[in-house]
>>> print(open('coords_8.cif').read())   # mmCIF, C-alpha atoms and all ligand atoms
data_structure
loop_
_atom_site.label_atom_id
_atom_site.label_comp_id
_atom_site.auth_asym_id
_atom_site.auth_seq_id
_atom_site.Cartn_x
_atom_site.Cartn_y
_atom_site.Cartn_z
CA MET A 1 -9.25 3.26 -20.74
CA SER A 2 -11.53 2.40 -23.61
CA GLY A 3 -11.16 -0.61 -25.91
CA SER A 4 -10.27 1.68 -28.79
CA GLU A 5 -7.17 2.91 -26.93
CA VAL A 6 -5.85 -0.64 -26.59
CA THR A 7 -6.46 -1.21 -30.29
CA LEU A 8 -4.47 1.96 -30.96
CA ILE A 9 -1.24 0.42 -29.67
CA SER A 10 -1.86 -3.17 -30.75
CA PRO A 11 -0.51 -3.33 -34.30
CA PRO A 12 1.08 -6.54 -35.57
CA ALA A 13 4.39 -7.19 -33.81
CA ASP A 14 6.40 -6.68 -37.01
CA ALA A 15 5.11 -3.08 -37.23
CA LEU A 16 7.08 -2.23 -34.07
CA PRO A 17 8.97 -0.80 -32.36
CA MET A 18 8.65 2.71 -33.79
CA GLU A 19 4.87 2.72 -33.62
CA LEU A 20 4.92 1.54 -30.04
CA HIS A 21 7.70 3.96 -29.14
CA GLU A 22 5.60 6.87 -30.32
CA LYS A 23 2.33 5.74 -28.79
CA MET A 24 3.49 4.49 -25.40
CA PRO A 25 4.28 7.94 -23.90
CA ARG A 26 0.93 9.20 -25.09
CA LEU A 27 -0.81 6.24 -23.49
CA VAL A 28 1.02 6.85 -20.19
CA ARG A 29 0.13 10.54 -20.24
CA ARG A 30 -3.51 9.72 -20.97
CA LEU A 31 -3.55 7.33 -18.02
CA GLY A 32 -2.27 10.04 -15.69
CA GLY A 33 1.51 9.48 -15.66
CA ASP A 34 3.68 12.62 -15.58
CA LEU A 35 7.07 11.14 -16.54
CA TYR A 36 7.89 8.35 -18.97
CA GLY A 37 11.13 6.73 -20.10
CA VAL A 38 12.68 3.43 -21.13
CA ALA A 39 15.65 1.83 -19.33
CA ASP A 40 18.20 -0.53 -20.83
CA LEU A 41 18.47 -3.03 -17.98
CA THR A 42 21.47 -4.78 -19.50
CA LEU A 43 23.52 -1.78 -18.29
CA ALA A 44 22.80 -2.86 -14.69
CA ARG A 45 22.46 -6.62 -15.14
CA ALA A 46 24.30 -7.55 -11.92
CA ALA A 47 22.42 -5.07 -9.72
CA VAL A 48 19.02 -6.17 -11.05
CA MET A 49 19.86 -9.86 -10.60
CA ASP A 50 21.29 -9.27 -7.13
CA GLN A 51 18.26 -7.35 -5.87
CA GLY A 52 15.37 -9.40 -7.22
CA GLY A 53 16.85 -12.36 -9.07
CA ILE A 54 15.08 -11.06 -12.17
CA ASP A 55 16.39 -12.59 -15.37
CA VAL A 56 17.47 -9.54 -17.37
CA ASP A 57 17.82 -11.64 -20.52
CA GLU A 58 14.08 -12.17 -20.43
CA TYR A 59 13.32 -8.51 -19.76
CA PRO A 60 16.08 -6.32 -21.23
CA ARG A 61 13.97 -3.15 -20.96
CA ALA A 62 11.94 -1.44 -18.25
CA VAL A 63 9.29 1.17 -18.96
CA SER A 64 9.65 3.72 -16.16
CA ILE A 65 6.64 5.82 -15.16
CA GLY A 66 6.46 8.61 -12.58
CA ILE A 67 3.65 10.56 -10.94
CA ARG A 68 4.51 13.98 -9.55
CA LEU A 69 3.59 14.43 -5.88
CA MET A 70 1.61 17.43 -4.64
CA ASP A 71 3.88 20.33 -3.64
CA SER A 72 1.23 21.49 -1.18
CA ILE A 73 1.65 18.23 0.78
CA ILE A 74 5.44 17.88 0.48
CA ASP A 75 5.87 21.47 1.66
CA GLN A 76 4.11 20.54 4.91
CA LEU A 77 6.51 17.67 5.73
CA PRO A 78 8.76 19.73 8.04
CA GLN A 79 5.73 19.95 10.39
CA GLY A 80 4.95 16.23 10.00
CA ARG A 81 6.68 15.13 13.18
CA GLU A 82 4.42 17.27 15.32
CA THR A 83 1.20 17.57 13.36
CA ARG A 84 -0.75 14.35 12.81
CA ALA A 85 -2.78 15.77 9.90
CA VAL A 86 0.38 16.18 7.82
CA GLY A 87 1.27 12.48 8.16
CA VAL A 88 -2.30 11.36 7.48
CA THR A 89 -2.49 13.47 4.32
CA TYR A 90 0.97 12.37 3.13
CA HIS A 91 0.35 8.64 3.67
CA THR A 92 -3.12 8.73 2.15
CA GLU A 93 -2.44 10.88 -0.90
CA CYS A 94 1.28 10.65 -1.72
CA TYR A 95 1.69 7.01 -0.78
CA GLU A 96 -1.47 4.91 -0.83
CA TYR A 97 -3.47 6.71 -3.50
CA VAL A 98 -0.54 7.52 -5.81
CA ASN A 99 0.69 3.92 -5.52
CA ARG A 100 -2.74 2.65 -6.55
CA ARG A 101 -2.73 5.00 -9.54
CA LEU A 102 0.76 3.82 -10.51
CA ASP A 103 -0.21 0.14 -10.18
CA ASP A 104 -3.23 0.79 -12.40
CA ILE A 105 -1.14 2.54 -15.08
CA ALA A 106 1.50 -0.23 -15.01
CA SER A 107 -1.14 -2.93 -15.37
CA ARG A 108 -2.63 -1.20 -18.40
CA VAL A 109 0.77 -0.53 -19.99
CA ALA A 110 1.74 -4.19 -19.47
CA SER A 111 -1.51 -5.30 -21.13
CA ALA A 112 -0.84 -3.00 -24.07
CA LEU A 113 2.68 -4.44 -24.48
CA GLN A 114 1.35 -7.98 -24.26
CA ASN A 115 -1.38 -7.21 -26.79
CA ALA A 116 1.35 -5.91 -29.10
CA GLY A 117 3.06 -9.31 -28.94
CA PHE A 118 5.65 -8.81 -26.19
CA ARG A 119 6.28 -10.12 -22.69
CA ALA A 120 5.62 -7.60 -19.92
CA LEU A 121 5.82 -7.78 -16.13
CA PRO A 122 4.42 -4.92 -14.03
CA ILE A 123 6.34 -4.48 -10.77
CA PRO A 124 4.16 -3.21 -7.88
CA ALA A 125 4.84 0.36 -6.81
CA SER A 126 5.62 -0.60 -3.24
CA GLU A 127 6.43 -4.20 -2.47
CA ARG A 128 9.30 -5.01 -0.11
CA ILE A 129 10.60 -8.59 -0.43
CA ASP A 130 13.80 -8.33 1.60
CA ASP A 131 13.26 -7.11 5.17
CA GLN A 132 16.92 -7.49 6.05
CA ARG A 133 18.26 -5.29 3.26
CA ILE A 134 15.01 -3.23 3.31
CA CYS A 135 14.45 -3.29 -0.42
CA ALA A 136 11.93 -4.39 -3.05
CA MET A 137 12.33 -7.00 -5.81
CA PHE A 138 13.27 -4.29 -8.28
CA SER A 139 14.51 -0.72 -7.95
CA HIS A 140 12.12 1.69 -9.67
CA LYS A 141 14.67 4.44 -8.99
CA LEU A 142 17.39 2.55 -10.83
CA ALA A 143 15.06 2.07 -13.81
CA ALA A 144 14.17 5.78 -13.87
CA HIS A 145 17.89 6.64 -13.66
CA LEU A 146 18.80 4.30 -16.52
CA ALA A 147 15.89 5.73 -18.53
CA GLY A 148 17.46 9.19 -18.28
CA LEU A 149 14.71 10.68 -16.12
CA GLY A 150 17.00 11.83 -13.31
CA TRP A 151 20.03 10.99 -11.20
CA ILE A 152 20.35 9.14 -7.91
CA GLY A 153 21.12 11.79 -5.30
CA ARG A 154 23.06 11.65 -2.04
CA SER A 155 19.71 10.85 -0.40
CA CYS A 156 19.47 7.70 -2.60
CA LEU A 157 16.26 9.19 -3.98
CA LEU A 158 15.81 9.67 -7.71
CA ILE A 159 16.18 13.39 -8.39
CA THR A 160 14.46 14.70 -11.52
CA PRO A 161 15.45 18.04 -13.05
CA GLN A 162 11.77 19.10 -13.16
CA TYR A 163 10.39 17.96 -9.80
CA GLY A 164 13.41 16.87 -7.76
CA PRO A 165 12.56 13.87 -5.55
CA ARG A 166 8.84 14.78 -5.50
CA VAL A 167 7.89 11.86 -7.74
CA ARG A 168 6.77 8.27 -7.12
CA TRP A 169 7.75 5.57 -9.59
CA ILE A 170 6.69 2.29 -11.09
CA SER A 171 8.22 0.01 -13.73
CA VAL A 172 7.03 -2.48 -16.32
CA LEU A 173 9.69 -4.97 -17.42
CA THR A 174 9.47 -6.02 -21.05
CA ASP A 175 11.26 -7.58 -23.98
CA ALA A 176 9.78 -4.98 -26.37
CA PRO A 177 12.80 -3.43 -28.14
CA LEU A 178 11.86 0.14 -27.21
CA PRO A 179 14.66 2.70 -27.66
CA ALA A 180 16.20 3.36 -24.24
CA GLY A 181 17.25 6.69 -22.73
CA GLU A 182 20.75 7.69 -21.61
CA PRO A 183 21.45 7.65 -17.84
CA MET A 184 21.77 11.19 -16.47
CA SER A 185 24.99 12.23 -14.73
CA ASP A 186 25.01 13.34 -11.08
CA GLY A 187 23.43 16.75 -10.50
CA CYS A 188 23.93 17.10 -6.73
CA GLY A 189 27.21 18.99 -7.11
CA PHE A 190 28.28 20.47 -3.77
CA CYS A 191 24.76 20.41 -2.31
CA ARG A 192 24.34 18.61 1.05
CA HIS A 193 20.86 19.79 2.08
CA CYS A 194 19.48 16.27 2.54
CA VAL A 195 22.56 15.19 4.52
CA ASP A 196 22.18 18.13 6.89
CA ALA A 197 18.38 17.79 7.15
CA CYS A 198 18.26 14.08 8.04
CA PRO A 199 17.60 13.89 11.81
CA VAL A 200 19.35 10.52 12.27
CA LYS A 201 22.26 10.92 9.82
CA ALA A 202 20.92 8.08 7.71
CA ILE A 203 22.20 9.91 4.62
CA LYS A 204 25.96 9.59 4.95
CA GLY A 205 27.10 12.09 2.31
CA PRO A 206 28.93 10.34 -0.53
CA ALA A 207 27.57 10.84 -4.02
CA PHE A 208 26.04 7.88 -5.88
CA ARG A 209 28.47 5.53 -7.56
CA GLU A 210 27.17 2.46 -9.31
CA SER A 211 30.15 0.39 -8.18
CA GLU A 212 29.50 1.08 -4.49
CA PRO A 213 26.75 -0.55 -2.39
CA ARG A 214 23.79 1.48 -1.16
CA GLU A 215 24.96 0.91 2.43
CA SER A 216 27.98 3.15 1.79
CA ARG A 217 25.63 6.11 1.25
CA TYR A 218 22.45 5.34 3.13
CA ASP A 219 21.60 3.65 6.43
CA ALA A 220 18.14 2.23 5.62
CA LEU A 221 17.79 0.71 9.08
CA ALA A 222 18.43 4.04 10.84
CA CYS A 223 15.75 5.66 8.67
CA GLN A 224 13.27 2.84 9.28
CA GLU A 225 13.86 2.78 13.04
CA TYR A 226 13.37 6.53 13.20
CA LEU A 227 10.08 6.25 11.29
CA GLU A 228 8.97 3.41 13.59
CA GLU A 229 9.85 5.51 16.61
CA LEU A 230 7.83 8.43 15.22
CA GLY A 231 4.97 6.04 14.41
CA GLY A 232 5.03 4.72 17.96
CA ARG A 233 4.67 8.22 19.30
CA LYS A 234 2.12 9.46 16.81
CA GLU A 235 0.16 7.31 14.40
CA ARG A 236 1.01 8.07 10.75
CA ALA A 237 3.82 10.42 11.66
CA VAL A 238 6.12 11.19 8.77
CA CYS A 239 9.67 12.48 8.24
CA GLY A 240 10.53 13.14 4.55
CA MET A 241 13.07 15.91 5.29
CA CYS A 242 15.19 14.49 2.45
CA ILE A 243 12.31 15.14 0.04
CA ALA A 244 11.19 18.52 1.36
CA PHE A 245 14.66 20.12 1.57
CA CYS A 246 16.09 19.06 -1.79
CA PRO A 247 16.44 22.30 -3.77
CA HIS A 248 15.37 20.55 -6.96
CA GLY A 249 11.60 20.85 -7.32
CA ARG A 250 11.30 23.01 -4.17
CA LYS A 251 9.62 26.36 -4.51
CA LYS A 252 8.91 27.13 -0.89
CA ARG A 253 11.54 28.61 1.45
CA TYR A 254 11.60 27.11 4.96
S1 LIG B 301 13.01 10.03 5.69
FE1 LIG B 301 13.95 11.27 7.32
S2 LIG B 301 15.19 9.80 8.49
FE2 LIG B 301 14.76 8.84 6.53
S3 LIG B 301 16.51 9.39 5.22
FE3 LIG B 301 14.91 10.92 4.83
S4 LIG B 301 15.43 12.57 6.25
FE4 LIG B 301 16.54 10.77 6.98
S1 LIG B 302 19.31 17.69 -1.33
FE1 LIG B 302 21.10 18.22 -2.57
S2 LIG B 302 22.56 16.53 -2.20
FE2 LIG B 302 20.54 15.82 -1.51
S3 LIG B 302 19.70 14.75 -3.29
FE3 LIG B 302 18.95 16.88 -3.40
S4 LIG B 302 20.46 17.93 -4.74
FE4 LIG B 302 21.41 15.99 -4.04
#
>>> encode(input="coords_8.cif", output="structure tokens", more="lines below")
Ligand code: SF4
Ligand code: SF4
Amino acid sequence: MSGSEVTLISPPADALPMELHEKMPRLVRRLGGDLYGVADLTLARAAVMDQGGIDVDEYPRAVSIGIRLMDSIIDQLPQGRETRAVGVTYHTECYEYVNRRLDDIASRVASALQNAGFRALPIPASERIDDQRICAMFSHKLAAHLAGLGWIGRSCLLITPQYGPRVRWISVLTDAPLPAGEPMSDGCGFCRHCVDACPVKAIKGPAFRESEPRESRYDALACQEYLEELGGRKERAVCGMCIAFCPHGRKKRY
């Protein structure tokens, strides 16, 4: 990004938030993000505090940014358990490289917010801090949900209307008073494709309810152990049936 772009969204703080609200999505798009939204974290204060101990009073908003994954790679996932090339491509492109791109965008967005006079904290795209509960310091999916970019499906993945679960996310926490989106209601309906496709029944079936813990819907340990077992048999093996078989964003028939 050039210096002039930073200047573009660095007006005096009292000229905000409308200016910033209009320019931030354009900045994200220019940096390579495909989806942008703003979450009101005060709607999920307890969940945010419980997961990462993040003081929501300090950061009442999260800028949520998504990069769409390549259909050509996701569509190969059903062969990933047998074919090493599928896992190598998925891990390299959809995980490592996309995470680096997301981290870069979040860093630049956080700088822009700071230069505009606000506090901003970029949360790494993939950073687990709790090995027991198998979760990160902050849920990017929750932020995207609160921002109105999609709903949390039976698979516990964030499902977008445009691309289904074929998106990776990052968040920048901030006290900039950006207008927040409205959380989207559940769109899974009677679908159970991910439940039926999961080889270890890690996806239990109930629809997402904010009042119920993740464990009631998703057995993270069963998923992790299965991936470790696959990895032991074949380096960089991959599952991802819950991504490939979701009808939202899927164009290919298996
Ligand atoms: S990655 Fe595979 S094992 Fe894990 S939840 Fe998805 S379908 Fe199940
Ligand atoms: S596969 Fe069906 S039930 Fe599972 S997340 Fe996608 S829409 Fe929801």
>>> residues_near_ligand(input="coords_8.cif", ligand="ligand LIG 301 (chain B)", cutoff="8 Å", atoms="all atoms listed in the file", output="ChimeraX atom specification")
/A:155,194-195,197-203,218-220,222-224,226-227,238-243
>>> write_last_selection(input="coords_8.cif", atoms="C-alpha atoms", output="short mmCIF file (atom, residue, chain, number, x, y, z; two decimals), in the frame of the given file")
data_model
loop_
_atom_site.label_atom_id
_atom_site.label_comp_id
_atom_site.auth_asym_id
_atom_site.auth_seq_id
_atom_site.Cartn_x
_atom_site.Cartn_y
_atom_site.Cartn_z
CA SER A 155 19.71 10.85 -0.40
CA CYS A 194 19.48 16.27 2.54
CA VAL A 195 22.56 15.19 4.52
CA ALA A 197 18.38 17.79 7.15
CA CYS A 198 18.26 14.08 8.04
CA PRO A 199 17.60 13.89 11.81
CA VAL A 200 19.35 10.52 12.27
CA LYS A 201 22.26 10.92 9.82
CA ALA A 202 20.92 8.08 7.71
CA ILE A 203 22.20 9.91 4.62
CA TYR A 218 22.45 5.34 3.13
CA ASP A 219 21.60 3.65 6.43
CA ALA A 220 18.14 2.23 5.62
CA ALA A 222 18.43 4.04 10.84
CA CYS A 223 15.75 5.66 8.67
CA GLN A 224 13.27 2.84 9.28
CA TYR A 226 13.37 6.53 13.20
CA LEU A 227 10.08 6.25 11.29
CA VAL A 238 6.12 11.19 8.77
CA CYS A 239 9.67 12.48 8.24
CA GLY A 240 10.53 13.14 4.55
CA MET A 241 13.07 15.91 5.29
CA CYS A 242 15.19 14.49 2.45
CA ILE A 243 12.31 15.14 0.04
#
>>> closest_atom_pairs(input="coords_8.cif", of="chain A", to="ligand LIG 302 (chain B)", cutoff="8 Å", atoms="all atoms listed in the file", output="CSV")
residue,atom,partner,partner_atom,distance
A:Ile152,CA,B:LIG302,S3,7.3
A:Gly153,CA,B:LIG302,S3,3.8
A:Arg154,CA,B:LIG302,S3,4.7
A:Ser155,CA,B:LIG302,S3,4.9
A:Cys156,CA,B:LIG302,S3,7.1
A:Leu157,CA,B:LIG302,S3,6.6
A:Leu158,CA,B:LIG302,S3,7.8
A:Ile159,CA,B:LIG302,S3,6.3
A:Gly164,CA,B:LIG302,FE3,7.0
A:Pro165,CA,B:LIG302,FE3,7.4
A:Gly187,CA,B:LIG302,S4,6.6
A:Cys188,CA,B:LIG302,FE4,3.8
A:Gly189,CA,B:LIG302,S2,7.2
A:Phe190,CA,B:LIG302,S2,7.1
A:Cys191,CA,B:LIG302,FE1,4.3
A:Arg192,CA,B:LIG302,S2,4.2
A:His193,CA,B:LIG302,S1,4.3
A:Cys194,CA,B:LIG302,S1,4.1
A:Val195,CA,B:LIG302,FE2,6.4
A:Gly205,CA,B:LIG302,S2,7.8
A:Ala207,CA,B:LIG302,S2,7.8
A:Cys242,CA,B:LIG302,S1,6.4
A:Ile243,CA,B:LIG302,S1,7.6
A:Phe245,CA,B:LIG302,S1,6.0
A:Cys246,CA,B:LIG302,S1,3.5
A:Pro247,CA,B:LIG302,S1,6.0
A:His248,CA,B:LIG302,S4,6.1
>>> closest_atom_pairs(input="coords_8.cif", of="segment 163-238 of chain A", to="segment 78-95 of chain A", cutoff="12 Å", atoms="all atoms listed in the file", output="Markdown table")
| residue | atom | partner | partner_atom | distance |
| --- | --- | --- | --- | --- |
| A:Arg166 | CA | A:Cys94 | CA | 9.4 |
| A:Val167 | CA | A:Cys94 | CA | 9.0 |
| A:Arg168 | CA | A:Cys94 | CA | 8.1 |
| A:Trp169 | CA | A:Tyr95 | CA | 10.8 |
| A:Ala197 | CA | A:Pro78 | CA | 9.9 |
| A:Cys198 | CA | A:Pro78 | CA | 11.1 |
| A:Pro199 | CA | A:Arg81 | CA | 11.1 |
| A:Tyr226 | CA | A:Arg81 | CA | 10.9 |
| A:Leu227 | CA | A:Arg81 | CA | 9.7 |
| A:Glu228 | CA | A:Arg81 | CA | 11.9 |
| A:Glu229 | CA | A:Arg81 | CA | 10.7 |
| A:Leu230 | CA | A:Arg81 | CA | 7.1 |
| A:Gly231 | CA | A:Arg81 | CA | 9.3 |
| A:Gly232 | CA | A:Arg81 | CA | 11.6 |
| A:Arg233 | CA | A:Arg81 | CA | 9.4 |
| A:Lys234 | CA | A:Arg84 | CA | 6.9 |
| A:Glu235 | CA | A:Arg84 | CA | 7.3 |
| A:Arg236 | CA | A:Gly87 | CA | 5.1 |
| A:Ala237 | CA | A:Gly87 | CA | 4.8 |
| A:Val238 | CA | A:Gly87 | CA | 5.1 |
>>> write_last_selection(input="coords_8.cif", atoms="C-alpha atoms", output="JSON list (two decimals), in the coordinates of the input")
[["chain", "number", "residue", "atom", "x", "y", "z"],
["A", 166, "ARG", "CA", 8.84, 14.78, -5.50],
["A", 167, "VAL", "CA", 7.89, 11.86, -7.74],
["A", 168, "ARG", "CA", 6.77, 8.27, -7.12],
["A", 169, "TRP", "CA", 7.75, 5.57, -9.59],
["A", 197, "ALA", "CA", 18.38, 17.79, 7.15],
["A", 198, "CYS", "CA", 18.26, 14.08, 8.04],
["A", 199, "PRO", "CA", 17.60, 13.89, 11.81],
["A", 226, "TYR", "CA", 13.37, 6.53, 13.20],
["A", 227, "LEU", "CA", 10.08, 6.25, 11.29],
["A", 228, "GLU", "CA", 8.97, 3.41, 13.59],
["A", 229, "GLU", "CA", 9.85, 5.51, 16.61],
["A", 230, "LEU", "CA", 7.83, 8.43, 15.22],
["A", 231, "GLY", "CA", 4.97, 6.04, 14.41],
["A", 232, "GLY", "CA", 5.03, 4.72, 17.96],
["A", 233, "ARG", "CA", 4.67, 8.22, 19.30],
["A", 234, "LYS", "CA", 2.12, 9.46, 16.81],
["A", 235, "GLU", "CA", 0.16, 7.31, 14.40],
["A", 236, "ARG", "CA", 1.01, 8.07, 10.75],
["A", 237, "ALA", "CA", 3.82, 10.42, 11.66],
["A", 238, "VAL", "CA", 6.12, 11.19, 8.77]]
>>> atom_distance(input="coords_8.cif", atom1="atom CA of Asp71 of chain A", atom2="atom CA of Asp104 of chain A")
22.6 Å
>>> closest_residue(input="coords_8.cif", among="A:Leu69, A:Leu173, A:Ala144, A:Val63", to="Leu20 of chain A", atoms="only C-alpha atoms")
A:Val63
>>> closest_residue(input="coords_8.cif", among="A:Leu41, A:Val172, A:Ala143, A:Val48", to="Ser107 of chain A", atoms="all atoms listed in the file")
A:Val172
>>> atom_distance(input="coords_8.cif", atom1="atom CA of Leu113 of chain A", atom2="atom CA of Met184 of chain A")
25.9 Å
>>> closest_residue(input="coords_8.cif", among="A:Ile170, A:Ile73, A:Ala125, A:Ala47", to="Glu212 of chain A", atoms="only C-alpha atoms")
A:Ala47
>>> atom_distance(input="coords_8.cif", atom1="atom CA of Arg26 of chain A", atom2="atom CA of Val56 of chain A")
26.2 Å
>>> closest_residue(input="coords_8.cif", among="A:Phe138, A:Ala244, A:Ile105, A:Ala147", to="Asp55 of chain A", atoms="all atoms listed in the file")
A:Phe138
>>> closest_residue(input="coords_8.cif", among="A:Glu210, A:Gly53, A:Leu146, A:Ala112", to="Glu182 of chain A", atoms="only C-alpha atoms")
A:Leu146
>>> closest_residue(input="coords_8.cif", among="A:Arg214, A:Arg108, A:Arg29, A:Lys204", to="Ser139 of chain A", atoms="only C-alpha atoms")
A:Arg214
